[in-house]
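Written below as structure tokens is the structure these notes are about.
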Amino acid sequence: MSDKDFCLFHNPRCSKSREALALLEERGVTPEVREYLKTPLSLAELHQLRALLGLPARELLRSGEEEYAQLDLARPELSDDALLQAIAEHPRLLQRPILVRGERAVIARPPERVLDLL
């Protein structure tokens, strides 16, 4: 299995993200690591990621972040486009970690979910 097939959207300050990376490395997988706070995802990339996850955009949001409340993102009438735009502009709102392998992706909460893609 080629490690280039794996991309981990990672925040090194997050314990769950570090645990997910360690689980992969323990199994001999060294994924491409994208620190999405340093290199935020574009709106197009977020649409693609949402499609790979097969989830509504709302499930990609971290509701505990201060930006979530400031932007009033709890409003149910907000579209997927509006929510993904908020994530593009405020990358801290993105759930983490997320592992992508080919045409599949998982939000690794709990971190053991990365094993679903091995």
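To be explicit about the labels: the chains of the structure tokens are called A, B, and onward in the order shown, and within each one the residues are counted from 1, while ligands get numbers from 1 in the order they are shown.
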Quiz item: Could you name the residues that touch region 107-114 of chain A at 12 Å or less, counting only C-alpha atoms, but leaving out those on the same chain fewer than 4 positions away, as an MDAnalysis selection string?
Solution: chainID A and resid 6:10 14:27 29 31 49:50 52:55 59:62 94:101 118
Expected file: the selected residues, N, CA, C and O atoms, as a short mmCIF file (atom, residue, chain, number, x, y, z; two decimals), in the first residue's frame:
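Output file part.cif is given in full below:
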```cif
data_model
loop_
_atom_site.label_atom_id
_atom_site.label_comp_id
_atom_site.auth_asym_id
_atom_site.auth_seq_id
_atom_site.Cartn_x
_atom_site.Cartn_y
_atom_site.Cartn_z
N PHE A 6 -2.68 8.12 1.16
CA PHE A 6 -3.27 8.60 2.41
C PHE A 6 -2.95 10.08 2.62
O PHE A 6 -1.80 10.49 2.46
N CYS A 7 -3.95 10.84 3.03
CA CYS A 7 -3.73 12.23 3.42
C CYS A 7 -4.46 12.45 4.73
O CYS A 7 -5.66 12.15 4.83
N LEU A 8 -3.75 12.95 5.72
CA LEU A 8 -4.33 13.23 7.03
C LEU A 8 -4.42 14.74 7.21
O LEU A 8 -3.40 15.43 7.18
N PHE A 9 -5.65 15.23 7.37
CA PHE A 9 -5.85 16.64 7.72
C PHE A 9 -5.67 16.72 9.22
O PHE A 9 -6.45 16.15 9.99
N HIS A 10 -4.62 17.41 9.63
CA HIS A 10 -4.02 17.25 10.95
C HIS A 10 -3.83 18.59 11.64
O HIS A 10 -3.47 19.58 11.01
N CYS A 14 -3.79 19.00 18.58
CA CYS A 14 -4.97 18.21 18.97
C CYS A 14 -4.54 16.79 19.35
O CYS A 14 -3.91 16.09 18.55
N SER A 15 -4.88 16.35 20.55
CA SER A 15 -4.48 15.02 21.00
C SER A 15 -5.10 13.92 20.12
O SER A 15 -4.45 12.92 19.82
N LYS A 16 -6.34 14.10 19.69
CA LYS A 16 -6.99 13.08 18.84
C LYS A 16 -6.28 12.98 17.49
O LYS A 16 -6.11 11.89 16.95
N SER A 17 -5.86 14.10 16.98
CA SER A 17 -5.14 14.12 15.71
C SER A 17 -3.78 13.42 15.86
O SER A 17 -3.38 12.62 15.01
N ARG A 18 -3.09 13.71 16.94
CA ARG A 18 -1.79 13.05 17.19
C ARG A 18 -1.98 11.55 17.36
O ARG A 18 -1.17 10.76 16.88
N GLU A 19 -3.04 11.14 18.07
CA GLU A 19 -3.31 9.71 18.26
C GLU A 19 -3.58 9.02 16.93
O GLU A 19 -3.10 7.91 16.70
N ALA A 20 -4.35 9.66 16.07
CA ALA A 20 -4.66 9.08 14.75
C ALA A 20 -3.38 8.89 13.94
O ALA A 20 -3.17 7.83 13.34
N LEU A 21 -2.52 9.89 13.93
CA LEU A 21 -1.26 9.80 13.21
C LEU A 21 -0.39 8.68 13.78
O LEU A 21 0.19 7.88 13.03
N ALA A 22 -0.34 8.57 15.10
CA ALA A 22 0.45 7.50 15.73
C ALA A 22 -0.10 6.12 15.37
O ALA A 22 0.68 5.20 15.09
N LEU A 23 -1.41 5.96 15.34
CA LEU A 23 -2.01 4.68 14.96
C LEU A 23 -1.60 4.28 13.54
O LEU A 23 -1.30 3.11 13.27
N LEU A 24 -1.60 5.23 12.64
CA LEU A 24 -1.19 4.94 11.26
C LEU A 24 0.28 4.56 11.21
O LEU A 24 0.65 3.55 10.58
N GLU A 25 1.11 5.35 11.88
CA GLU A 25 2.55 5.09 11.84
C GLU A 25 2.89 3.74 12.48
O GLU A 25 3.79 3.04 12.00
N GLU A 26 2.16 3.36 13.54
CA GLU A 26 2.38 2.05 14.17
C GLU A 26 2.12 0.91 13.20
O GLU A 26 2.64 -0.19 13.35
N ARG A 27 1.28 1.18 12.20
CA ARG A 27 0.94 0.16 11.21
C ARG A 27 1.73 0.34 9.92
O ARG A 27 1.40 -0.22 8.88
N VAL A 29 2.17 3.06 8.08
CA VAL A 29 1.64 4.02 7.11
C VAL A 29 2.10 5.42 7.51
O VAL A 29 1.85 5.87 8.62
N PRO A 31 1.28 8.85 6.26
CA PRO A 31 0.45 9.60 5.33
C PRO A 31 1.05 10.96 4.98
O PRO A 31 1.89 11.47 5.71
N LEU A 49 -14.08 17.14 -0.13
CA LEU A 49 -13.93 16.39 1.11
C LEU A 49 -15.29 15.99 1.66
O LEU A 49 -15.49 14.84 2.07
N ARG A 50 -16.25 16.90 1.63
CA ARG A 50 -17.60 16.59 2.10
C ARG A 50 -18.19 15.44 1.29
O ARG A 50 -18.80 14.52 1.83
N LEU A 52 -16.51 13.06 -0.30
CA LEU A 52 -15.80 11.82 0.06
C LEU A 52 -16.30 11.26 1.38
O LEU A 52 -16.41 10.04 1.55
N LEU A 53 -16.59 12.14 2.32
CA LEU A 53 -17.09 11.71 3.63
C LEU A 53 -18.54 11.24 3.55
O LEU A 53 -18.99 10.45 4.38
N GLY A 54 -19.27 11.75 2.55
CA GLY A 54 -20.68 11.39 2.42
C GLY A 54 -21.53 11.93 3.56
O GLY A 54 -22.50 11.30 3.98
N LEU A 55 -21.15 13.10 4.06
CA LEU A 55 -21.83 13.70 5.21
C LEU A 55 -22.33 15.09 4.85
O LEU A 55 -21.75 15.76 4.00
N GLU A 59 -21.76 18.34 9.66
CA GLU A 59 -20.99 17.35 10.43
C GLU A 59 -19.49 17.56 10.32
O GLU A 59 -18.72 16.92 11.04
N LEU A 60 -19.06 18.46 9.47
CA LEU A 60 -17.64 18.81 9.37
C LEU A 60 -17.27 19.95 10.31
O LEU A 60 -16.11 20.30 10.45
N LEU A 61 -18.27 20.51 10.98
CA LEU A 61 -18.05 21.67 11.85
C LEU A 61 -17.73 21.28 13.28
O LEU A 61 -18.35 20.36 13.83
N ARG A 62 -16.84 22.04 13.87
CA ARG A 62 -16.56 21.94 15.31
C ARG A 62 -17.41 23.01 15.99
O ARG A 62 -17.08 24.19 15.94
N LEU A 94 -13.03 23.28 11.17
CA LEU A 94 -13.02 21.95 10.55
C LEU A 94 -12.80 20.86 11.58
O LEU A 94 -11.86 20.94 12.39
N GLN A 95 -13.65 19.83 11.55
CA GLN A 95 -13.44 18.66 12.41
C GLN A 95 -12.06 18.09 12.14
O GLN A 95 -11.54 18.18 11.03
N ARG A 96 -11.51 17.43 13.12
CA ARG A 96 -10.19 16.83 12.96
C ARG A 96 -10.07 15.61 13.83
O ARG A 96 -10.80 15.51 14.83
N PRO A 97 -9.19 14.74 13.47
CA PRO A 97 -8.49 14.64 12.19
C PRO A 97 -9.41 14.00 11.14
O PRO A 97 -10.40 13.35 11.48
N ILE A 98 -9.05 14.20 9.90
CA ILE A 98 -9.76 13.55 8.79
C ILE A 98 -8.72 12.83 7.95
O ILE A 98 -7.71 13.41 7.57
N LEU A 99 -8.98 11.55 7.70
CA LEU A 99 -8.08 10.76 6.85
C LEU A 99 -8.78 10.49 5.53
O LEU A 99 -9.94 10.07 5.51
N VAL A 100 -8.04 10.73 4.45
CA VAL A 100 -8.54 10.45 3.10
C VAL A 100 -7.64 9.38 2.51
O VAL A 100 -6.42 9.44 2.62
N ARG A 101 -8.29 8.39 1.89
CA ARG A 101 -7.57 7.38 1.12
C ARG A 101 -8.36 7.15 -0.16
O ARG A 101 -9.46 6.61 -0.13
N LEU A 118 -7.66 1.26 6.33
CA LEU A 118 -6.45 0.47 6.06
C LEU A 118 -6.79 -0.80 5.31
O LEU A 118 -7.87 -1.30 5.34
#
```
Quiz prompt | Nearby residues (only C-alpha atoms) at most 10 Å from region 65-76 of chain A, same-chain spacing under 4 positions excluded, as a PyMOL selection string | solution = chain A and resi 58+61+82-83+86-87+90-94
Could you go through chain A and tell me which residues DSSP, when run on the backbone, assigns to strand (DSSP E), listing them as an mmCIF file with all heavy atoms, in the first residue's frame?
```cif
data_model
loop_
_atom_site.group_PDB
_atom_site.id
_atom_site.type_symbol
_atom_site.label_atom_id
_atom_site.label_comp_id
_atom_site.auth_asym_id
_atom_site.auth_seq_id
_atom_site.Cartn_x
_atom_site.Cartn_y
_atom_site.Cartn_z
ATOM 1 N N PHE A 6 -2.683 8.115 1.164
ATOM 2 C CA PHE A 6 -3.267 8.604 2.412
ATOM 3 C C PHE A 6 -2.946 10.077 2.619
ATOM 4 O O PHE A 6 -1.802 10.487 2.456
ATOM 5 C CB PHE A 6 -2.711 7.831 3.617
ATOM 6 C CG PHE A 6 -3.101 6.391 3.661
ATOM 7 C CD1 PHE A 6 -2.316 5.436 3.029
ATOM 8 C CD2 PHE A 6 -4.235 5.978 4.339
ATOM 9 C CE1 PHE A 6 -2.665 4.091 3.077
ATOM 10 C CE2 PHE A 6 -4.588 4.639 4.390
ATOM 11 C CZ PHE A 6 -3.809 3.706 3.758
ATOM 12 N N CYS A 7 -3.947 10.839 3.026
ATOM 13 C CA CYS A 7 -3.728 12.235 3.419
ATOM 14 C C CYS A 7 -4.465 12.454 4.729
ATOM 15 O O CYS A 7 -5.660 12.154 4.832
ATOM 16 C CB CYS A 7 -4.242 13.187 2.351
ATOM 17 S SG CYS A 7 -3.988 14.933 2.805
ATOM 18 N N LEU A 8 -3.750 12.949 5.720
ATOM 19 C CA LEU A 8 -4.335 13.226 7.029
ATOM 20 C C LEU A 8 -4.421 14.737 7.214
ATOM 21 O O LEU A 8 -3.402 15.434 7.178
ATOM 22 C CB LEU A 8 -3.486 12.616 8.142
ATOM 23 C CG LEU A 8 -4.043 12.760 9.555
ATOM 24 C CD1 LEU A 8 -5.309 11.925 9.737
ATOM 25 C CD2 LEU A 8 -2.990 12.361 10.592
ATOM 26 N N PHE A 9 -5.653 15.231 7.368
ATOM 27 C CA PHE A 9 -5.849 16.641 7.719
ATOM 28 C C PHE A 9 -5.667 16.717 9.224
ATOM 29 O O PHE A 9 -6.453 16.151 9.987
ATOM 30 C CB PHE A 9 -7.231 17.122 7.247
ATOM 31 C CG PHE A 9 -7.318 17.145 5.748
ATOM 32 C CD1 PHE A 9 -7.839 16.077 5.054
ATOM 33 C CD2 PHE A 9 -6.819 18.226 5.034
ATOM 34 C CE1 PHE A 9 -7.892 16.070 3.678
ATOM 35 C CE2 PHE A 9 -6.862 18.234 3.647
ATOM 36 C CZ PHE A 9 -7.392 17.158 2.964
ATOM 37 N N HIS A 10 -4.616 17.409 9.626
ATOM 38 C CA HIS A 10 -4.025 17.249 10.949
ATOM 39 C C HIS A 10 -3.826 18.592 11.640
ATOM 40 O O HIS A 10 -3.471 19.584 11.012
ATOM 41 C CB HIS A 10 -2.676 16.552 10.744
ATOM 42 C CG HIS A 10 -1.872 16.302 11.963
ATOM 43 N ND1 HIS A 10 -2.269 15.492 12.991
ATOM 44 C CD2 HIS A 10 -0.632 16.746 12.302
ATOM 45 C CE1 HIS A 10 -1.318 15.449 13.924
ATOM 46 N NE2 HIS A 10 -0.320 16.203 13.529
ATOM 47 N N GLU A 32 0.594 11.512 3.863
ATOM 48 C CA GLU A 32 0.854 12.931 3.623
ATOM 49 C C GLU A 32 0.100 13.650 4.732
ATOM 50 O O GLU A 32 -1.055 13.333 5.011
ATOM 51 C CB GLU A 32 0.294 13.336 2.262
ATOM 52 C CG GLU A 32 0.366 14.815 2.001
ATOM 53 C CD GLU A 32 -0.401 15.238 0.753
ATOM 54 O OE1 GLU A 32 -0.651 14.390 -0.111
ATOM 55 O OE2 GLU A 32 -0.758 16.425 0.683
ATOM 56 N N VAL A 33 0.746 14.561 5.410
ATOM 57 C CA VAL A 33 0.117 15.287 6.509
ATOM 58 C C VAL A 33 -0.108 16.723 6.051
ATOM 59 O O VAL A 33 0.831 17.398 5.623
ATOM 60 C CB VAL A 33 0.983 15.264 7.780
ATOM 61 C CG1 VAL A 33 0.403 16.168 8.854
ATOM 62 C CG2 VAL A 33 1.112 13.829 8.301
ATOM 63 N N ARG A 34 -1.352 17.134 6.129
ATOM 64 C CA ARG A 34 -1.668 18.523 5.789
ATOM 65 C C ARG A 34 -2.164 19.222 7.041
ATOM 66 O O ARG A 34 -3.223 18.885 7.570
ATOM 67 C CB ARG A 34 -2.733 18.583 4.705
ATOM 68 C CG ARG A 34 -3.087 20.020 4.349
ATOM 69 C CD ARG A 34 -3.701 20.126 3.004
ATOM 70 N NE ARG A 34 -4.178 21.463 2.730
ATOM 71 C CZ ARG A 34 -4.946 21.764 1.710
ATOM 72 N NH1 ARG A 34 -5.304 20.806 0.870
ATOM 73 N NH2 ARG A 34 -5.344 22.994 1.528
ATOM 74 N N GLU A 35 -1.336 20.141 7.517
ATOM 75 C CA GLU A 35 -1.725 20.947 8.669
ATOM 76 C C GLU A 35 -2.645 22.043 8.147
ATOM 77 O O GLU A 35 -2.202 23.081 7.685
ATOM 78 C CB GLU A 35 -0.494 21.512 9.370
ATOM 79 C CG GLU A 35 0.333 20.444 10.052
ATOM 80 C CD GLU A 35 1.462 21.012 10.883
ATOM 81 O OE1 GLU A 35 1.319 22.125 11.446
ATOM 82 O OE2 GLU A 35 2.498 20.344 10.962
ATOM 83 N N ILE A 98 -9.050 14.198 9.895
ATOM 84 C CA ILE A 98 -9.763 13.552 8.790
ATOM 85 C C ILE A 98 -8.724 12.830 7.955
ATOM 86 O O ILE A 98 -7.709 13.414 7.567
ATOM 87 C CB ILE A 98 -10.522 14.575 7.921
ATOM 88 C CG1 ILE A 98 -11.594 15.276 8.751
ATOM 89 C CG2 ILE A 98 -11.141 13.875 6.699
ATOM 90 C CD1 ILE A 98 -12.324 16.399 8.017
ATOM 91 N N LEU A 99 -8.976 11.550 7.700
ATOM 92 C CA LEU A 99 -8.083 10.761 6.854
ATOM 93 C C LEU A 99 -8.780 10.489 5.534
ATOM 94 O O LEU A 99 -9.940 10.067 5.514
ATOM 95 C CB LEU A 99 -7.722 9.431 7.524
ATOM 96 C CG LEU A 99 -6.770 8.537 6.712
ATOM 97 C CD1 LEU A 99 -5.385 9.181 6.576
ATOM 98 C CD2 LEU A 99 -6.653 7.153 7.337
ATOM 99 N N VAL A 100 -8.045 10.734 4.447
ATOM 100 C CA VAL A 100 -8.539 10.450 3.102
ATOM 101 C C VAL A 100 -7.642 9.378 2.506
ATOM 102 O O VAL A 100 -6.416 9.443 2.618
ATOM 103 C CB VAL A 100 -8.507 11.716 2.214
ATOM 104 C CG1 VAL A 100 -8.921 11.386 0.781
ATOM 105 C CG2 VAL A 100 -9.391 12.801 2.799
ATOM 106 N N ARG A 101 -8.288 8.393 1.886
ATOM 107 C CA ARG A 101 -7.567 7.376 1.124
ATOM 108 C C ARG A 101 -8.355 7.148 -0.156
ATOM 109 O O ARG A 101 -9.464 6.610 -0.126
ATOM 110 C CB ARG A 101 -7.447 6.076 1.890
ATOM 111 C CG ARG A 101 -6.680 5.023 1.088
ATOM 112 C CD ARG A 101 -6.596 3.713 1.811
ATOM 113 N NE ARG A 101 -5.719 2.804 1.093
ATOM 114 C CZ ARG A 101 -5.629 1.516 1.352
ATOM 115 N NH1 ARG A 101 -6.354 0.982 2.329
ATOM 116 N NH2 ARG A 101 -4.817 0.753 0.644
ATOM 117 N N ARG A 104 -12.292 7.529 -0.459
ATOM 118 C CA ARG A 104 -12.953 7.358 0.835
ATOM 119 C C ARG A 104 -12.308 8.276 1.861
ATOM 120 O O ARG A 104 -11.137 8.616 1.750
ATOM 121 C CB ARG A 104 -12.836 5.901 1.305
ATOM 122 C CG ARG A 104 -13.538 4.925 0.377
ATOM 123 C CD ARG A 104 -13.367 3.486 0.816
ATOM 124 N NE ARG A 104 -13.854 3.277 2.177
ATOM 125 C CZ ARG A 104 -13.349 2.374 3.012
ATOM 126 N NH1 ARG A 104 -12.356 1.599 2.648
ATOM 127 N NH2 ARG A 104 -13.845 2.225 4.226
ATOM 128 N N ALA A 105 -13.088 8.631 2.866
ATOM 129 C CA ALA A 105 -12.566 9.491 3.936
ATOM 130 C C ALA A 105 -13.343 9.210 5.216
ATOM 131 O O ALA A 105 -14.492 8.760 5.165
ATOM 132 C CB ALA A 105 -12.692 10.963 3.553
ATOM 133 N N VAL A 106 -12.687 9.460 6.348
ATOM 134 C CA VAL A 106 -13.350 9.342 7.656
ATOM 135 C C VAL A 106 -12.899 10.486 8.545
ATOM 136 O O VAL A 106 -11.760 10.944 8.463
ATOM 137 C CB VAL A 106 -13.048 8.009 8.392
ATOM 138 C CG1 VAL A 106 -13.607 6.818 7.646
ATOM 139 C CG2 VAL A 106 -11.569 7.835 8.671
ATOM 140 N N ILE A 107 -13.844 10.938 9.377
ATOM 141 C CA ILE A 107 -13.485 11.824 10.482
ATOM 142 C C ILE A 107 -13.064 10.895 11.603
ATOM 143 O O ILE A 107 -13.846 10.046 12.033
ATOM 144 C CB ILE A 107 -14.670 12.709 10.905
ATOM 145 C CG1 ILE A 107 -15.076 13.640 9.759
ATOM 146 C CG2 ILE A 107 -14.298 13.521 12.156
ATOM 147 C CD1 ILE A 107 -16.336 14.445 10.027
#
```
Self-check item: One-decimal distance in Å that lies between CA of Gln85 (chain A) and CA of Leu41 (chain A)
Solution: 10.3 Å
Quiz prompt | Sel. of helix (DSSP H, G or I) residues, chain A, as an MDAnalysis selection string | solution = chainID A and resid 3:5 15:26 43:53 57:60 66:70 80:89 91:93 111:117
Exercise. Between CA of Thr30 (chain A) and CA of Pro56 (chain A), measure the distance and give it in Å to one decimal.
Key: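 Result for CA of Thr30 (chain A) versus CA of Pro56 (chain A): 28.6 Å, one decimal.
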